[in-house]
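**Q** My questions will all concern the structure given below.
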Amino acid sequence: MTITRPYTYTNLLPDSFYSTSLRQDIRRGLTSTPKTTKPVWFYDAVGSDLYEEITRLPEYYPTRTEHQILAHHAADIARRTNARTLVELGSGSSKKTRLLLDALDLDYYVPVDVSESALHQASDAIAREYPHLAVHAVRTNFDTALDLPDHRPNRPGRLFAFLGSTLGNHRPPERAIFLRRLRAAMNPEDALLLGMDLVKGEDELVAAYDDPRGVTAAFDMHLLDILNHELGADFDPASFKHHAVWSPADQWIEMRLRSRVKQTVTIPALDLRVHFDAAEDWITETSAKVTLDGLRTELQEAGLALDCVWADPAARFSLSLSTPRKAASR
């Protein structure tokens with residue numbers, strides 16, 4: 001059956017990408033010390049709904065704070081970049097994107113995500129809401145490849161947007177690799193708009209990742225249901241509990257599943273038996289926070305110059321604009 005879409009779609013991933021990557025990461029992560037897996041596996045339909053619920057919690061400030069900063073400074077971003085193509089990495093539902101789409105004089109919007117369903121849903125909505133805009137959705141794993149279309153309209157220049165502090169889910173060596181790879185893909189006229197969470201008090205950070213209503217706990221625990229369904233595992237949710245830990249030395253917060261008892265879990269799809277000691281932690285997400293000086297250094301080491309930073313009055317979250325050409329910070 002031919003599917004007619006109001007946008008262009010390019011899939012750069014093999015059909016087996018999800019299942020192969022899931023198996024590789026879970027095998028590697030649950031046989032490591034400490035046990036550590038990637039947060040990308042949270043986001044099936046149920047997990048995505050739980051995350052949307054998290055973003056509405058009073059304790060979870062990042063989403064609404066970034067939205068407020070964008071609302072206040074989208075026009076300034078448009079003036080500074082003069083971009084005609086918006087490339088959004090990890091686009092997801094593209095909710096905050098509309099603030100940029102309304103401010104920028106665009107020819108192209110290129111949402112990039114690993115989730116096929118999220119790409120189709122968001123691209124269809126954007127293409128219908130902005131009929132003048134050419135939407136080219138790209139499904140790829142941008143952690144390993146940035147083979148993106150280079151649209152060259154009458155006025156060159158692309159704005160790469162990586163919002164939501166998603167880069168913070170990568171540890172420093174991974175962030176350095178990603179930023180260097182992104183810098184290599186950028187033209188001199190391009191710019192990077194990066195959303196990053198800022199270092200702040202431990203109590204506020206822990207509350208954002210372990211809310212009293214238990215929504216974040218349900219989100220974290222849902223990973224067990226996903227692995228039971230996808231890999232035939234026999235995780236017992238009652239044998240684990242969620243908690244969050246702030247590491248001042250590393251400047252990141254970890255979401256963890258802690259084993260309540262000494263237990264062995266069987267994962268048939270991997271032909272694997274995983275042993276947990278009582279009170280052993282499994283790190284399911286790492287979310288790094290940055291200082292502005294640290295962010296500047298990371299960008300400089302990747303070959304990017306920090307042009308401008310916007311933050312909320314409480315200095316909880318930042319949006320930064322950087323370019324591959326040398327520029328004075330202000």
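Simple scheme: letters A, B, ... for chains in structure tokens order, numbers from 1 for residues in each chain, numbers from 1 for ligands in the order shown.
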So which residues touch Phe162 (chain A) within 9 Å, counting only C-alpha atoms, skipping near sequence neighbours fewer than 4 positions away, as a PDB file with N, CA, C and O atoms, in the first residue's frame?
**A**
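File produced: out_29.pdb:
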```pdb
ATOM      1  N   VAL A  87      17.409  22.026  11.586  1.00  0.00           N
ATOM      2  CA  VAL A  87      17.659  20.609  11.781  1.00  0.00           C
ATOM      3  C   VAL A  87      17.519  20.329  13.267  1.00  0.00           C
ATOM      4  O   VAL A  87      18.317  20.822  14.074  1.00  0.00           O
ATOM      5  N   GLU A  88      16.498  19.563  13.639  1.00  0.00           N
ATOM      6  CA  GLU A  88      16.268  19.292  15.059  1.00  0.00           C
ATOM      7  C   GLU A  88      16.675  17.865  15.385  1.00  0.00           C
ATOM      8  O   GLU A  88      16.073  16.906  14.898  1.00  0.00           O
ATOM      9  N   LEU A  89      17.690  17.727  16.213  1.00  0.00           N
ATOM     10  CA  LEU A  89      18.205  16.426  16.616  1.00  0.00           C
ATOM     11  C   LEU A  89      17.422  15.923  17.822  1.00  0.00           C
ATOM     12  O   LEU A  89      17.247  16.643  18.803  1.00  0.00           O
ATOM     13  N   GLY A  90      16.963  14.659  17.734  1.00  0.00           N
ATOM     14  CA  GLY A  90      16.126  14.135  18.804  1.00  0.00           C
ATOM     15  C   GLY A  90      14.830  14.889  18.902  1.00  0.00           C
ATOM     16  O   GLY A  90      14.407  15.324  19.973  1.00  0.00           O
ATOM     17  N   SER A  91      14.162  15.033  17.765  1.00  0.00           N
ATOM     18  CA  SER A  91      13.001  15.921  17.671  1.00  0.00           C
ATOM     19  C   SER A  91      11.822  15.478  18.514  1.00  0.00           C
ATOM     20  O   SER A  91      11.062  16.313  19.015  1.00  0.00           O
ATOM     21  N   THR A 166      19.074  16.756  26.211  1.00  0.00           N
ATOM     22  CA  THR A 166      19.290  15.363  25.817  1.00  0.00           C
ATOM     23  C   THR A 166      20.766  15.033  25.746  1.00  0.00           C
ATOM     24  O   THR A 166      21.175  13.898  26.027  1.00  0.00           O
ATOM     25  N   LEU A 167      21.593  16.012  25.370  1.00  0.00           N
ATOM     26  CA  LEU A 167      23.032  15.763  25.327  1.00  0.00           C
ATOM     27  C   LEU A 167      23.552  15.357  26.700  1.00  0.00           C
ATOM     28  O   LEU A 167      24.554  14.639  26.807  1.00  0.00           O
ATOM     29  N   LEU A 192      24.565  26.136  16.198  1.00  0.00           N
ATOM     30  CA  LEU A 192      24.024  25.106  17.077  1.00  0.00           C
ATOM     31  C   LEU A 192      23.306  25.766  18.242  1.00  0.00           C
ATOM     32  O   LEU A 192      23.885  26.570  18.970  1.00  0.00           O
ATOM     33  N   LEU A 193      22.027  25.411  18.419  1.00  0.00           N
ATOM     34  CA  LEU A 193      21.237  25.831  19.573  1.00  0.00           C
ATOM     35  C   LEU A 193      21.129  24.637  20.505  1.00  0.00           C
ATOM     36  O   LEU A 193      20.527  23.614  20.155  1.00  0.00           O
ATOM     37  N   LEU A 194      21.721  24.765  21.688  1.00  0.00           N
ATOM     38  CA  LEU A 194      21.853  23.632  22.596  1.00  0.00           C
ATOM     39  C   LEU A 194      21.185  23.940  23.921  1.00  0.00           C
ATOM     40  O   LEU A 194      21.486  24.946  24.569  1.00  0.00           O
ATOM     41  N   GLY A 195      20.270  23.073  24.339  1.00  0.00           N
ATOM     42  CA  GLY A 195      19.636  23.195  25.644  1.00  0.00           C
ATOM     43  C   GLY A 195      20.341  22.305  26.650  1.00  0.00           C
ATOM     44  O   GLY A 195      20.489  21.110  26.414  1.00  0.00           O
TER      45      GLY A 195
END
```
**Q** According to DSSP computed on the backbone, where in region 104-273 of chain A is there helix (DSSP H, G or I)? Give the residues as a PyMOL selection string.
**A** chain A and resi 116-129+166-169+172-185+202-209+215-231+237-239+268-270
**Q** Any idea what the distance is between CA of Leu100 (chain A) and CA of Ile126 (chain A)?
**A**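 Atom-to-atom, CA of Leu100 (chain A) and CA of Ile126 (chain A) are spaced 12.0 Å apart.
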**Q** Rounded to one decimal, what separation in Å do you get between CA of Tyr9 (chain A) and CA of Ala103 (chain A)?
**A**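 According to the coordinates, CA of Tyr9 (chain A) and CA of Ala103 (chain A) are separated by 24.4 Å.
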**Q** Would you list, as a PyMOL selection string, the residues of region 75-225 of chain A that end up in strand (DSSP E or B) under DSSP run on this structure's backbone?
**A** chain A and resi 85-89+108-113+134-139+158-162+191-198
**Q** Give me the residues near region 117-120 of chain A as a PyMOL selection string, where near means some atom within 12 Å (using only C-alpha atoms) and where sequence neighbours in that chain fewer than 4 positions away do not count.
**A** chain A and resi 3-11+43-45+48+88-95+110-113+124-127+135-140
**Q** Considering only C-alpha atoms, return as a PyMOL selection string whatever protein or nucleic-acid residues lie within 12 Å of Ser32 (chain A), sequence-local ones (same chain, fewer than 4 positions apart) excluded.
**A** chain A and resi 25-28+36-37+274-276+281-283
**Q** Please list as an mmCIF file with C-alpha atoms, in the first residue's frame every residue within 7 Å of region 238-247 of chain A, counting only C-alpha atoms and excluding residues in the same chain fewer than 3 positions away.
**A**
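Wrote around.cif, looks like this:
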```cif
data_model
loop_
_atom_site.group_PDB
_atom_site.id
_atom_site.type_symbol
_atom_site.label_atom_id
_atom_site.label_comp_id
_atom_site.auth_asym_id
_atom_site.auth_seq_id
_atom_site.Cartn_x
_atom_site.Cartn_y
_atom_site.Cartn_z
ATOM 1 C CA GLU A 202 20.982 18.652 45.279
ATOM 2 C CA VAL A 206 16.752 14.854 43.249
ATOM 3 C CA TYR A 209 14.048 12.840 39.211
ATOM 4 C CA ASP A 210 12.255 11.232 42.155
ATOM 5 C CA ALA A 217 9.430 5.893 39.590
ATOM 6 C CA ASP A 220 11.872 4.010 35.516
ATOM 7 C CA MET A 221 10.164 0.777 36.570
ATOM 8 C CA ASP A 250 30.657 14.064 38.251
ATOM 9 C CA GLN A 251 28.003 16.791 38.080
ATOM 10 C CA TRP A 252 25.308 14.374 37.010
ATOM 11 C CA ILE A 253 22.243 12.760 38.479
ATOM 12 C CA GLU A 254 21.591 9.055 38.094
ATOM 13 C CA MET A 255 18.241 7.309 37.980
ATOM 14 C CA ARG A 256 18.695 3.862 39.446
ATOM 15 C CA LEU A 257 16.726 0.687 39.939
ATOM 16 C CA ARG A 258 17.761 -0.952 43.196
ATOM 17 C CA SER A 259 17.287 -4.662 43.748
ATOM 18 C CA ARG A 260 15.329 -5.211 46.960
ATOM 19 C CA VAL A 261 16.606 -8.785 47.327
#
```
**Q** Need the shell around Ser322 (chain A): protein/DNA/RNA residues with any atom at most 10 Å away, counting only C-alpha atoms. Skip same-chain ones fewer than 5 positions apart. Format as a ChimeraX atom specification?
**A** /A:81,159-160,190-194,296,299-300,303-309,327,329
**Q** Please measure the separation of CA of Val265 (chain A) and CA of Ile226 (chain A), giving the value in Å to one decimal.
**A** 14.3 Å
**Q** Neighbours of Leu70 (chain A) within 12 Å (only C-alpha atoms; same-chain residues fewer than 3 positions away dropped), as a ChimeraX atom specification?
**A** /A:63-67,73-78,95-103,161,163-164,193-195,309-312,317-321
**Q** Mind dumping the selected residues with N, CA and C atoms as an mmCIF file, in the first residue's frame?
**A**
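Output file selection24.cif is given in full below:
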```cif
data_model
loop_
_atom_site.group_PDB
_atom_site.id
_atom_site.type_symbol
_atom_site.label_atom_id
_atom_site.label_comp_id
_atom_site.auth_asym_id
_atom_site.auth_seq_id
_atom_site.Cartn_x
_atom_site.Cartn_y
_atom_site.Cartn_z
ATOM 1 N N THR A 63 11.658 21.083 31.256
ATOM 2 C CA THR A 63 10.855 21.264 30.046
ATOM 3 C C THR A 63 10.194 22.630 30.011
ATOM 4 N N ARG A 64 9.526 23.014 31.086
ATOM 5 C CA ARG A 64 8.820 24.299 31.064
ATOM 6 C C ARG A 64 9.800 25.470 31.083
ATOM 7 N N THR A 65 10.953 25.289 31.754
ATOM 8 C CA THR A 65 11.928 26.376 31.800
ATOM 9 C C THR A 65 12.543 26.601 30.427
ATOM 10 N N GLU A 66 12.880 25.531 29.730
ATOM 11 C CA GLU A 66 13.415 25.678 28.376
ATOM 12 C C GLU A 66 12.374 26.315 27.454
ATOM 13 N N HIS A 67 11.118 25.920 27.611
ATOM 14 C CA HIS A 67 10.041 26.503 26.805
ATOM 15 C C HIS A 67 9.948 28.011 27.051
ATOM 16 N N HIS A 73 13.209 34.320 23.704
ATOM 17 C CA HIS A 73 14.394 34.639 22.905
ATOM 18 C C HIS A 73 14.367 34.067 21.483
ATOM 19 N N ALA A 74 13.261 33.511 21.049
ATOM 20 C CA ALA A 74 13.193 32.937 19.700
ATOM 21 C C ALA A 74 13.471 33.984 18.631
ATOM 22 N N ALA A 75 12.957 35.180 18.820
ATOM 23 C CA ALA A 75 13.183 36.232 17.823
ATOM 24 C C ALA A 75 14.653 36.612 17.752
ATOM 25 N N ASP A 76 15.317 36.643 18.904
ATOM 26 C CA ASP A 76 16.744 36.954 18.932
ATOM 27 C C ASP A 76 17.553 35.846 18.263
ATOM 28 N N ILE A 77 17.159 34.601 18.489
ATOM 29 C CA ILE A 77 17.819 33.467 17.840
ATOM 30 C C ILE A 77 17.680 33.575 16.328
ATOM 31 N N ALA A 78 16.477 33.936 15.875
ATOM 32 C CA ALA A 78 16.244 34.096 14.441
ATOM 33 C C ALA A 78 17.117 35.209 13.870
ATOM 34 N N LYS A 95 7.198 19.638 20.127
ATOM 35 C CA LYS A 95 6.288 20.625 20.724
ATOM 36 C C LYS A 95 6.937 22.007 20.839
ATOM 37 N N LYS A 96 8.170 22.050 21.387
ATOM 38 C CA LYS A 96 8.830 23.347 21.552
ATOM 39 C C LYS A 96 9.280 23.920 20.215
ATOM 40 N N THR A 97 9.374 23.051 19.207
ATOM 41 C CA THR A 97 9.875 23.477 17.897
ATOM 42 C C THR A 97 9.037 24.587 17.306
ATOM 43 N N ARG A 98 7.761 24.599 17.590
ATOM 44 C CA ARG A 98 6.874 25.590 16.975
ATOM 45 C C ARG A 98 7.274 27.013 17.323
ATOM 46 N N LEU A 99 7.894 27.219 18.492
ATOM 47 C CA LEU A 99 8.378 28.546 18.842
ATOM 48 C C LEU A 99 9.455 29.006 17.865
ATOM 49 N N LEU A 100 10.315 28.083 17.441
ATOM 50 C CA LEU A 100 11.349 28.411 16.463
ATOM 51 C C LEU A 100 10.761 28.534 15.066
ATOM 52 N N LEU A 101 9.818 27.651 14.728
ATOM 53 C CA LEU A 101 9.206 27.704 13.399
ATOM 54 C C LEU A 101 8.470 29.023 13.195
ATOM 55 N N ASP A 102 7.864 29.547 14.251
ATOM 56 C CA ASP A 102 7.148 30.817 14.142
ATOM 57 C C ASP A 102 8.100 32.006 14.021
ATOM 58 N N ALA A 103 9.298 31.868 14.601
ATOM 59 C CA ALA A 103 10.236 32.994 14.615
ATOM 60 C C ALA A 103 11.154 33.028 13.402
ATOM 61 N N ALA A 161 19.342 22.296 16.182
ATOM 62 C CA ALA A 161 18.778 22.453 17.521
ATOM 63 C C ALA A 161 18.813 21.105 18.238
ATOM 64 N N LEU A 163 17.647 20.166 21.828
ATOM 65 C CA LEU A 163 16.967 20.724 22.990
ATOM 66 C C LEU A 163 16.731 19.671 24.069
ATOM 67 N N GLY A 164 16.158 20.128 25.192
ATOM 68 C CA GLY A 164 15.736 19.200 26.229
ATOM 69 C C GLY A 164 16.842 18.641 27.087
ATOM 70 N N LEU A 193 22.027 25.411 18.419
ATOM 71 C CA LEU A 193 21.237 25.831 19.573
ATOM 72 C C LEU A 193 21.129 24.637 20.505
ATOM 73 N N LEU A 194 21.721 24.765 21.688
ATOM 74 C CA LEU A 194 21.853 23.632 22.596
ATOM 75 C C LEU A 194 21.185 23.940 23.921
ATOM 76 N N GLY A 195 20.270 23.073 24.339
ATOM 77 C CA GLY A 195 19.636 23.195 25.644
ATOM 78 C C GLY A 195 20.341 22.305 26.650
ATOM 79 N N VAL A 309 24.476 32.986 25.407
ATOM 80 C CA VAL A 309 23.791 32.081 26.338
ATOM 81 C C VAL A 309 22.588 32.803 26.927
ATOM 82 N N TRP A 310 21.465 32.111 26.971
ATOM 83 C CA TRP A 310 20.268 32.615 27.644
ATOM 84 C C TRP A 310 19.923 31.645 28.769
ATOM 85 N N ALA A 311 19.523 32.170 29.906
ATOM 86 C CA ALA A 311 19.111 31.344 31.034
ATOM 87 C C ALA A 311 17.896 31.972 31.690
ATOM 88 N N ASP A 312 17.191 31.197 32.478
ATOM 89 C CA ASP A 312 16.060 31.716 33.230
ATOM 90 C C ASP A 312 16.578 32.534 34.414
ATOM 91 N N PHE A 317 18.395 26.573 33.925
ATOM 92 C CA PHE A 317 18.511 25.939 32.614
ATOM 93 C C PHE A 317 19.095 26.956 31.635
ATOM 94 N N SER A 318 19.775 26.454 30.612
ATOM 95 C CA SER A 318 20.394 27.357 29.643
ATOM 96 C C SER A 318 20.103 26.932 28.214
ATOM 97 N N LEU A 319 20.007 27.925 27.346
ATOM 98 C CA LEU A 319 20.056 27.733 25.905
ATOM 99 C C LEU A 319 21.285 28.467 25.409
ATOM 100 N N SER A 320 22.107 27.804 24.626
ATOM 101 C CA SER A 320 23.310 28.450 24.110
ATOM 102 C C SER A 320 23.319 28.389 22.596
ATOM 103 N N LEU A 321 23.927 29.405 21.994
ATOM 104 C CA LEU A 321 24.087 29.466 20.548
ATOM 105 C C LEU A 321 25.583 29.495 20.255
#
```
**Q** Here is a test: counting only C-alpha atoms, which residue of A:Ser19, A:Thr31, A:Thr323, A:Ser287 is nearest to Ala185 (chain A)?
**A**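 The answer is A:Thr323, which sits nearest to Ala185 (chain A).
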**Q** Find, counting only C-alpha atoms, the residue in A:Ala279, A:Leu57, A:Leu22, A:Ala288 that gets nearest to Glu174 (chain A).
**A**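 With only C-alpha atoms as the atom set, the closest residue is A:Ala288.
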